[in-house]
file structure-v9.txt (compact mmCIF, C-alpha atoms and all ligand atoms)
# COMPACT_ATOMS: atom_id res chain seq x y z
CA MET A 1 0.00 0.00 0.00
CA PHE A 2 1.32 3.42 -1.00
CA ILE A 3 0.03 6.31 1.15
CA THR A 4 0.99 9.95 0.61
CA PHE A 5 0.59 13.01 2.83
CA GLU A 6 0.10 16.35 1.07
CA GLY A 7 -0.66 19.96 1.93
CA GLY A 8 0.78 23.43 2.39
CA GLU A 9 3.34 24.69 4.89
CA GLY A 10 2.79 24.17 8.64
CA THR A 11 -0.18 21.83 8.24
CA GLY A 12 1.24 19.19 10.61
CA LYS A 13 1.54 16.40 8.03
CA SER A 14 5.10 15.42 9.04
CA THR A 15 4.01 14.90 12.67
CA GLN A 16 1.00 12.87 11.57
CA ILE A 17 2.94 10.65 9.16
CA LYS A 18 5.26 9.67 12.05
CA LEU A 19 2.29 8.92 14.34
CA LEU A 20 0.74 6.73 11.66
CA ALA A 21 4.04 4.92 11.01
CA ASP A 22 4.36 4.13 14.76
CA ARG A 23 0.79 2.86 14.91
CA LEU A 24 1.21 0.60 11.87
CA ILE A 25 4.58 -0.74 13.12
CA ALA A 26 2.94 -1.52 16.47
CA GLN A 27 0.47 -3.68 14.53
CA GLY A 28 3.41 -5.60 13.05
CA ARG A 29 3.29 -4.03 9.59
CA ALA A 30 6.48 -3.45 7.57
CA VAL A 31 6.56 0.32 7.04
CA ILE A 32 8.86 2.57 5.02
CA LEU A 33 8.62 6.25 6.01
CA THR A 34 10.11 8.55 3.42
CA ARG A 35 9.78 12.05 1.97
CA GLU A 36 10.00 14.18 -1.16
CA PRO A 37 11.98 15.85 -2.45
CA GLY A 38 14.39 13.32 -0.94
CA GLY A 39 14.54 9.70 0.15
CA THR A 40 17.77 8.84 -1.72
CA LYS A 41 21.25 10.38 -1.64
CA GLN A 42 20.76 11.88 -5.10
CA ALA A 43 17.27 13.20 -4.33
CA GLU A 44 18.42 14.75 -1.01
CA ALA A 45 21.15 16.61 -2.96
CA LEU A 46 18.47 18.00 -5.30
CA ARG A 47 16.29 18.87 -2.29
CA SER A 48 18.92 21.20 -0.88
CA LEU A 49 18.98 23.07 -4.23
CA LEU A 50 15.20 23.45 -4.16
CA VAL A 51 14.43 24.45 -0.57
CA SER A 52 17.07 27.12 0.05
CA GLY A 53 18.20 30.37 -1.54
CA ASP A 54 16.38 33.18 -3.36
CA THR A 55 12.67 32.62 -4.01
CA ASP A 56 13.18 33.27 -7.76
CA ARG A 57 16.25 31.05 -7.97
CA TRP A 58 14.36 28.58 -10.18
CA SER A 59 11.42 28.97 -12.55
CA ALA A 60 8.36 26.80 -11.83
CA GLU A 61 9.36 24.61 -14.82
CA SER A 62 12.89 24.11 -13.42
CA GLU A 63 11.40 23.25 -10.02
CA ALA A 64 9.13 20.66 -11.64
CA LEU A 65 12.06 19.10 -13.53
CA LEU A 66 14.29 19.01 -10.43
CA ASN A 67 11.51 17.51 -8.32
CA TYR A 68 10.85 14.90 -11.00
CA ALA A 69 14.57 14.04 -11.25
CA ALA A 70 14.50 13.47 -7.47
CA ARG A 71 11.23 11.49 -7.74
CA ASP A 72 12.61 9.23 -10.47
CA SER A 73 15.55 8.23 -8.26
CA HIS A 74 13.22 7.79 -5.25
CA LEU A 75 10.79 5.60 -7.20
CA HIS A 76 13.55 3.37 -8.61
CA GLN A 77 15.66 3.00 -5.48
CA VAL A 78 13.12 3.09 -2.64
CA ILE A 79 9.40 3.20 -3.42
CA ARG A 80 9.02 0.46 -6.05
CA PRO A 81 11.35 -2.05 -4.31
CA ALA A 82 9.51 -1.50 -0.99
CA LEU A 83 6.08 -1.97 -2.58
CA THR A 84 7.29 -5.12 -4.37
CA ALA A 85 8.53 -6.46 -1.00
CA GLY A 86 5.04 -5.92 0.44
CA SER A 87 5.88 -2.96 2.70
CA THR A 88 3.51 -0.09 3.36
CA VAL A 89 5.14 3.06 1.97
CA LEU A 90 4.27 6.33 3.73
CA CYS A 91 5.57 9.31 1.78
CA ASP A 92 5.65 12.91 3.05
CA ARG A 93 4.70 14.71 -0.23
CA PHE A 94 4.64 13.18 -3.72
CA MET A 95 3.31 14.04 -7.19
CA ASP A 96 0.41 16.23 -5.94
CA SER A 97 2.92 18.65 -4.39
CA THR A 98 4.43 19.28 -7.84
CA ARG A 99 0.97 19.85 -9.34
CA ALA A 100 0.00 22.21 -6.47
CA TYR A 101 3.27 24.13 -5.90
CA GLN A 102 4.59 24.29 -9.47
CA GLY A 103 1.28 24.08 -11.37
CA TYR A 104 -1.52 25.84 -9.46
CA ALA A 105 0.66 28.19 -7.38
CA GLY A 106 3.71 28.55 -9.64
CA ALA A 107 2.14 28.53 -13.15
CA CYS A 108 4.14 25.66 -14.69
CA THR A 109 2.09 24.28 -17.62
CA PHE A 110 -0.14 21.31 -16.78
CA HIS A 111 0.92 19.84 -20.13
CA LEU A 112 4.47 19.40 -18.80
CA LEU A 113 3.24 18.12 -15.41
CA ASP A 114 0.89 15.58 -17.04
CA GLU A 115 3.73 14.27 -19.21
CA LEU A 116 6.17 14.00 -16.28
CA GLU A 117 3.53 12.22 -14.18
CA ARG A 118 2.79 9.79 -17.02
CA SER A 119 6.46 9.01 -17.80
CA ILE A 120 8.01 9.00 -14.31
CA VAL A 121 5.21 7.95 -11.92
CA GLY A 122 3.42 5.71 -14.43
CA ASP A 123 1.40 3.09 -12.59
CA THR A 124 3.04 3.77 -9.22
CA ARG A 125 0.26 6.08 -8.09
CA PRO A 126 -0.61 6.32 -4.39
CA THR A 127 -3.41 4.06 -3.15
CA LEU A 128 -4.50 6.74 -0.68
CA THR A 129 -3.60 10.43 -0.27
CA PHE A 130 -4.32 12.63 2.77
CA VAL A 131 -4.60 16.29 1.79
CA PHE A 132 -4.03 18.48 4.88
CA ASP A 133 -6.12 21.63 4.52
CA LEU A 134 -5.41 24.78 6.55
CA ASP A 135 -5.72 28.55 6.17
CA PRO A 136 -2.22 29.55 4.94
CA VAL A 137 -2.14 32.50 7.37
CA ILE A 138 -2.15 29.96 10.23
CA GLY A 139 0.10 27.45 8.43
CA LEU A 140 2.78 29.99 7.54
CA ALA A 141 2.82 31.35 11.11
CA ARG A 142 3.22 27.79 12.47
CA ALA A 143 5.99 27.01 9.96
CA LYS A 144 7.79 30.24 10.80
CA SER A 145 7.66 29.69 14.55
CA ARG A 146 9.09 26.17 14.36
CA GLY A 147 11.49 26.75 11.45
CA ASP A 148 15.21 27.39 11.56
CA GLY A 149 15.10 29.32 8.28
CA ALA A 150 17.22 26.71 6.47
CA GLU A 151 14.51 25.15 4.27
CA ASP A 152 12.13 28.06 3.89
CA ARG A 153 12.43 29.02 0.19
CA PHE A 154 8.78 28.13 -0.57
CA GLU A 155 7.53 29.60 2.73
CA ARG A 156 8.93 32.97 1.58
CA LYS A 157 6.89 33.01 -1.66
CA GLY A 158 4.14 35.18 -0.16
CA LEU A 159 0.53 34.76 0.93
CA ALA A 160 -1.04 34.93 -2.57
CA PHE A 161 1.16 31.98 -3.67
CA HIS A 162 0.04 30.00 -0.61
CA GLN A 163 -3.62 30.80 -1.20
CA ARG A 164 -3.35 29.49 -4.79
CA LEU A 165 -1.55 26.46 -3.35
CA ARG A 166 -4.36 25.69 -0.89
CA ASN A 167 -7.00 25.96 -3.64
CA GLY A 168 -4.83 23.81 -5.92
CA PHE A 169 -4.64 20.99 -3.37
CA LEU A 170 -8.42 21.17 -2.88
CA GLU A 171 -8.99 20.96 -6.65
CA ILE A 172 -6.68 17.95 -6.89
CA ALA A 173 -8.61 16.22 -4.08
CA GLN A 174 -11.96 17.06 -5.67
CA ALA A 175 -10.84 15.66 -9.03
CA ASP A 176 -9.79 12.31 -7.51
CA PRO A 177 -12.16 11.51 -4.61
CA GLN A 178 -11.41 7.76 -4.79
CA ARG A 179 -7.79 8.38 -3.81
CA CYS A 180 -7.84 11.63 -1.82
CA ARG A 181 -9.19 12.42 1.67
CA VAL A 182 -9.19 16.04 2.80
CA ILE A 183 -8.14 16.44 6.45
CA ASP A 184 -9.13 19.53 8.44
CA ALA A 185 -5.67 20.43 9.77
CA SER A 186 -7.01 23.17 12.07
CA GLN A 187 -8.07 20.45 14.56
CA ASP A 188 -5.75 19.39 17.39
CA MET A 189 -3.15 16.65 16.85
CA THR A 190 -5.22 13.87 18.46
CA ALA A 191 -8.31 14.66 16.39
CA VAL A 192 -6.28 14.72 13.15
CA ALA A 193 -4.66 11.37 14.03
CA ALA A 194 -8.11 9.88 14.75
CA ALA A 195 -9.48 11.17 11.43
CA ILE A 196 -6.58 9.56 9.54
CA TRP A 197 -6.96 6.26 11.38
CA GLY A 198 -10.68 6.34 10.70
CA HIS A 199 -10.18 6.82 6.96
CA LEU A 200 -7.61 4.03 6.83
CA ASN A 201 -9.84 1.57 8.61
CA GLY A 202 -13.16 2.79 7.29
P1 LIG A 301 8.72 19.87 3.19
O1 LIG A 301 9.53 20.92 3.87
O2 LIG A 301 7.26 19.95 3.43
O3 LIG A 301 9.29 18.52 3.35
O4 LIG A 301 8.86 20.14 1.58
C1 LIG A 301 9.88 20.80 1.01
C2 LIG A 301 9.40 21.94 0.17
O5 LIG A 301 9.39 21.56 -1.21
C3 LIG A 301 8.01 22.44 0.49
O6 LIG A 301 8.07 23.84 0.60
C4 LIG A 301 7.20 22.04 -0.73
C5 LIG A 301 8.20 21.95 -1.84
N1 LIG A 301 7.88 20.98 -2.91
C6 LIG A 301 7.57 21.45 -4.19
O7 LIG A 301 7.52 22.67 -4.41
N2 LIG A 301 7.29 20.55 -5.17
C7 LIG A 301 7.34 19.20 -4.97
O8 LIG A 301 7.09 18.43 -5.90
C8 LIG A 301 7.66 18.73 -3.65
C9 LIG A 301 7.72 17.25 -3.39
C10 LIG A 301 7.92 19.65 -2.65

call {"tool": "encode", "arguments": {"input": "structure-v9.txt", "output": "structure tokens", "more": "lines below"}}
Ligand code: TMP
result
Amino acid sequence: MFITFEGGEGTGKSTQIKLLADRLIAQGRAVILTREPGGTKQAEALRSLLVSGDTDRWSAESEALLNYAARDSHLHQVIRPALTAGSTVLCDRFMDSTRAYQGYAGACTFHLLDELERSIVGDTRPTLTFVFDLDPVIGLARAKSRGDGAEDRFERKGLAFHQRLRNGFLEIAQADPQRCRVIDASQDMTAVAAAIWGHLNG
């Protein structure tokens, strides 16, 4: 089973993915917890180029290509082998982040994103995707208060970018209701964890 966690900045998805991993491991399941951009040595090197530096360092198209180069390595080296071995793969961000950040918020053409998704992701689409939804004013404040400023390139893109991002994620979820579950990330941690567990076992 391939489960992805998606959403804007400061939505709490990284905390929740760890809680879910612990709960599944406690049940005796083989779990791989990984993230994007990242998850392999090569992809982590690309991550550091993407998440730091000037906000206009890369065009949205370059960001999409760099994220897909990272994703290709991650799929080949980690995700597909783990799924073949029967593990549950939990991934903190995946293809929907590229569509939301680079497409809806960043104005990369959907033609390019569709082609990259088709060629690189292919059939390895998530079984289930949790889309964490939160007002970006709250999310950005949360991210800023916990952050060390090292990986904040996208956080610095401004409120209008993050509002387009939120709407983009909601459109993605609406277009694929079989796969996507929208989580109200304004609830407290325990309530969010219970909602996720409920969807998984429902
Ligand atoms: P994280 O800090 O939530 O792990 O994600 C790193 C940043 O990269 C985050 O600001 C979102 C951004 N990102 C994209 O813009 N496109 C992508 O395809 C992915 C996976 C992440």

call {"tool": "residues_around", "arguments": {"input": "structure-v9.txt", "residues": "A:Leu112", "least_positions_apart": "2", "cutoff": "12 Å", "atoms": "all atoms listed in the file", "output": "JSON, numbers by chain"}}
result
{"A": [60, 61, 62, 63, 64, 65, 68, 98, 99, 102, 103, 107, 108, 109, 110, 114, 115, 116, 117, 118, 119, 120]}

call {"tool": "residues_near_point", "arguments": {"input": "structure-v9.txt", "point": "(-7.2, 20.8, 14.9)", "cutoff": "12 Å", "atoms": "all atoms listed in the file", "output": "list in words"}}
result
Thr11, Gly12, Lys13, Gln16, Phe132, Asp133, Leu134, Asp135, Ile138, Gly139, Ile183, Asp184, Ala185, Ser186, Gln187, Asp188, Met189, Thr190, Ala191, Val192, Ala193, Ala194 and Ala195 of chain A

call {"tool": "atom_distance", "arguments": {"input": "structure-v9.txt", "atom1": "atom CA of A:Asp123", "atom2": "atom CA of A:Ile196"}}
result
24.4 Å

call {"tool": "closest_atom_pairs", "arguments": {"input": "structure-v9.txt", "of": "chain A", "to": "ligand LIG 301 (chain A)", "cutoff": "6 Å", "atoms": "all atoms listed in the file", "output": "Markdown table"}}
result
| residue | atom | partner | partner_atom | distance |
| --- | --- | --- | --- | --- |
| A:Glu36 | CA | A:LIG301 | C9 | 4.4 |
| A:Pro37 | CA | A:LIG301 | C9 | 4.6 |
| A:Val51 | CA | A:LIG301 | C2 | 5.7 |
| A:Asn67 | CA | A:LIG301 | O8 | 5.1 |
| A:Arg93 | CA | A:LIG301 | C9 | 5.1 |
| A:Phe94 | CA | A:LIG301 | C9 | 5.1 |
| A:Met95 | CA | A:LIG301 | O8 | 5.9 |
| A:Ser97 | CA | A:LIG301 | O8 | 4.4 |
| A:Thr98 | CA | A:LIG301 | O8 | 3.4 |
| A:Tyr101 | CA | A:LIG301 | O7 | 4.7 |
| A:Phe154 | CA | A:LIG301 | O6 | 4.5 |

call {"tool": "atom_distance", "arguments": {"input": "structure-v9.txt", "atom1": "atom CA of A:Phe5", "atom2": "atom CA of A:Asp152"}}
result
19.0 Å

call {"tool": "closest_residue", "arguments": {"input": "structure-v9.txt", "among": "A:Leu49, A:Leu113, A:Ala173, A:Met1", "to": "A:Gly86", "atoms": "all atoms listed in the file"}}
result
A:Met1

call {"tool": "closest_residue", "arguments": {"input": "structure-v9.txt", "among": "A:Thr34, A:Thr40, A:Thr124, A:Thr129", "to": "A:Asp96", "atoms": "only C-alpha atoms"}}
result
A:Thr129

call {"tool": "residues_around", "arguments": {"input": "structure-v9.txt", "residues": "stretch 53-55 of chain A", "least_positions_apart": "2", "cutoff": "7 Å", "atoms": "all atoms listed in the file", "output": "CSV table (one decimal) with C-alpha atoms, in the coordinates of the input"}}
result
chain,number,residue,atom,x,y,z
A,57,ARG,CA,16.2,31.0,-8.0
A,153,ARG,CA,12.4,29.0,0.2
A,154,PHE,CA,8.8,28.1,-0.6
A,156,ARG,CA,8.9,33.0,1.6
A,157,LYS,CA,6.9,33.0,-1.7

call {"tool": "closest_residue", "arguments": {"input": "structure-v9.txt", "among": "A:Leu24, A:Asp92, A:Glu155, A:Gly10", "to": "A:Arg142", "atoms": "all atoms listed in the file"}}
result
A:Gly10

call {"tool": "atom_distance", "arguments": {"input": "structure-v9.txt", "atom1": "atom CA of A:Gly28", "atom2": "atom CA of A:Val89"}}
result
14.2 Å

call {"tool": "residues_around", "arguments": {"input": "structure-v9.txt", "residues": "A:Ser48", "least_positions_apart": "4", "cutoff": "8 Å", "atoms": "all atoms listed in the file", "output": "list of chain:residue names"}}
result
A:Glu44, A:Ser52, A:Glu151

call {"tool": "residues_around", "arguments": {"input": "structure-v9.txt", "residues": "A:Phe169", "least_positions_apart": "4", "cutoff": "7 Å", "atoms": "all atoms listed in the file", "output": "PyMOL selection string"}}
result
chain A and resi 7+100+131+165+173

call {"tool": "closest_residue", "arguments": {"input": "structure-v9.txt", "among": "A:Leu128, A:Pro136, A:Gly158, A:Ala30", "to": "A:Ser87", "atoms": "all atoms listed in the file"}}
result
A:Ala30

call {"tool": "closest_residue", "arguments": {"input": "structure-v9.txt", "among": "A:Ser59, A:Leu90, A:Pro177, A:Leu46", "to": "A:Arg29", "atoms": "only C-alpha atoms"}}
result
A:Leu90

call {"tool": "closest_residue", "arguments": {"input": "structure-v9.txt", "among": "A:Ala43, A:Leu200, A:Cys91, A:Leu75", "to": "A:Ile17", "atoms": "only C-alpha atoms"}}
result
A:Cys91

call {"tool": "residues_near_point", "arguments": {"input": "structure-v9.txt", "point": "(-2.2, 3.0, -3.4)", "cutoff": "7 Å", "atoms": "only C-alpha atoms", "output": "list of chain:residue names"}}
result
A:Met1, A:Phe2, A:Ile3, A:Arg125, A:Pro126, A:Thr127, A:Leu128

call {"tool": "decode", "arguments": {"input": "structure-v9.txt", "residues": "stretch 17-71 of chain A", "atoms": "C-alpha atoms", "output": "PDB file, in the first residue's frame"}}
result
ATOM      1  CA  ILE A  17       2.940  10.648   9.164  1.00  0.00           C
ATOM      2  CA  LYS A  18       5.262   9.670  12.050  1.00  0.00           C
ATOM      3  CA  LEU A  19       2.291   8.924  14.344  1.00  0.00           C
ATOM      4  CA  LEU A  20       0.741   6.732  11.655  1.00  0.00           C
ATOM      5  CA  ALA A  21       4.036   4.915  11.012  1.00  0.00           C
ATOM      6  CA  ASP A  22       4.359   4.132  14.757  1.00  0.00           C
ATOM      7  CA  ARG A  23       0.790   2.860  14.909  1.00  0.00           C
ATOM      8  CA  LEU A  24       1.214   0.598  11.867  1.00  0.00           C
ATOM      9  CA  ILE A  25       4.579  -0.736  13.115  1.00  0.00           C
ATOM     10  CA  ALA A  26       2.942  -1.517  16.475  1.00  0.00           C
ATOM     11  CA  GLN A  27       0.473  -3.682  14.534  1.00  0.00           C
ATOM     12  CA  GLY A  28       3.407  -5.601  13.054  1.00  0.00           C
ATOM     13  CA  ARG A  29       3.294  -4.034   9.585  1.00  0.00           C
ATOM     14  CA  ALA A  30       6.483  -3.448   7.568  1.00  0.00           C
ATOM     15  CA  VAL A  31       6.565   0.322   7.040  1.00  0.00           C
ATOM     16  CA  ILE A  32       8.856   2.569   5.019  1.00  0.00           C
ATOM     17  CA  LEU A  33       8.615   6.245   6.015  1.00  0.00           C
ATOM     18  CA  THR A  34      10.114   8.548   3.419  1.00  0.00           C
ATOM     19  CA  ARG A  35       9.779  12.054   1.973  1.00  0.00           C
ATOM     20  CA  GLU A  36      10.001  14.184  -1.157  1.00  0.00           C
ATOM     21  CA  PRO A  37      11.980  15.846  -2.451  1.00  0.00           C
ATOM     22  CA  GLY A  38      14.386  13.320  -0.940  1.00  0.00           C
ATOM     23  CA  GLY A  39      14.542   9.699   0.153  1.00  0.00           C
ATOM     24  CA  THR A  40      17.772   8.838  -1.719  1.00  0.00           C
ATOM     25  CA  LYS A  41      21.250  10.379  -1.640  1.00  0.00           C
ATOM     26  CA  GLN A  42      20.758  11.882  -5.100  1.00  0.00           C
ATOM     27  CA  ALA A  43      17.274  13.204  -4.328  1.00  0.00           C
ATOM     28  CA  GLU A  44      18.417  14.748  -1.011  1.00  0.00           C
ATOM     29  CA  ALA A  45      21.146  16.612  -2.962  1.00  0.00           C
ATOM     30  CA  LEU A  46      18.466  18.000  -5.305  1.00  0.00           C
ATOM     31  CA  ARG A  47      16.288  18.875  -2.285  1.00  0.00           C
ATOM     32  CA  SER A  48      18.925  21.202  -0.883  1.00  0.00           C
ATOM     33  CA  LEU A  49      18.984  23.074  -4.226  1.00  0.00           C
ATOM     34  CA  LEU A  50      15.199  23.445  -4.163  1.00  0.00           C
ATOM     35  CA  VAL A  51      14.433  24.452  -0.575  1.00  0.00           C
ATOM     36  CA  SER A  52      17.069  27.124   0.050  1.00  0.00           C
ATOM     37  CA  GLY A  53      18.196  30.374  -1.538  1.00  0.00           C
ATOM     38  CA  ASP A  54      16.377  33.180  -3.364  1.00  0.00           C
ATOM     39  CA  THR A  55      12.669  32.617  -4.012  1.00  0.00           C
ATOM     40  CA  ASP A  56      13.179  33.275  -7.758  1.00  0.00           C
ATOM     41  CA  ARG A  57      16.251  31.052  -7.973  1.00  0.00           C
ATOM     42  CA  TRP A  58      14.356  28.576 -10.180  1.00  0.00           C
ATOM     43  CA  SER A  59      11.417  28.970 -12.554  1.00  0.00           C
ATOM     44  CA  ALA A  60       8.364  26.801 -11.827  1.00  0.00           C
ATOM     45  CA  GLU A  61       9.360  24.609 -14.822  1.00  0.00           C
ATOM     46  CA  SER A  62      12.893  24.110 -13.416  1.00  0.00           C
ATOM     47  CA  GLU A  63      11.395  23.253 -10.022  1.00  0.00           C
ATOM     48  CA  ALA A  64       9.130  20.661 -11.641  1.00  0.00           C
ATOM     49  CA  LEU A  65      12.058  19.101 -13.525  1.00  0.00           C
ATOM     50  CA  LEU A  66      14.291  19.012 -10.429  1.00  0.00           C
ATOM     51  CA  ASN A  67      11.505  17.513  -8.317  1.00  0.00           C
ATOM     52  CA  TYR A  68      10.852  14.896 -10.995  1.00  0.00           C
ATOM     53  CA  ALA A  69      14.575  14.038 -11.247  1.00  0.00           C
ATOM     54  CA  ALA A  70      14.503  13.471  -7.474  1.00  0.00           C
ATOM     55  CA  ARG A  71      11.231  11.495  -7.744  1.00  0.00           C
TER      56      ARG A  71
END
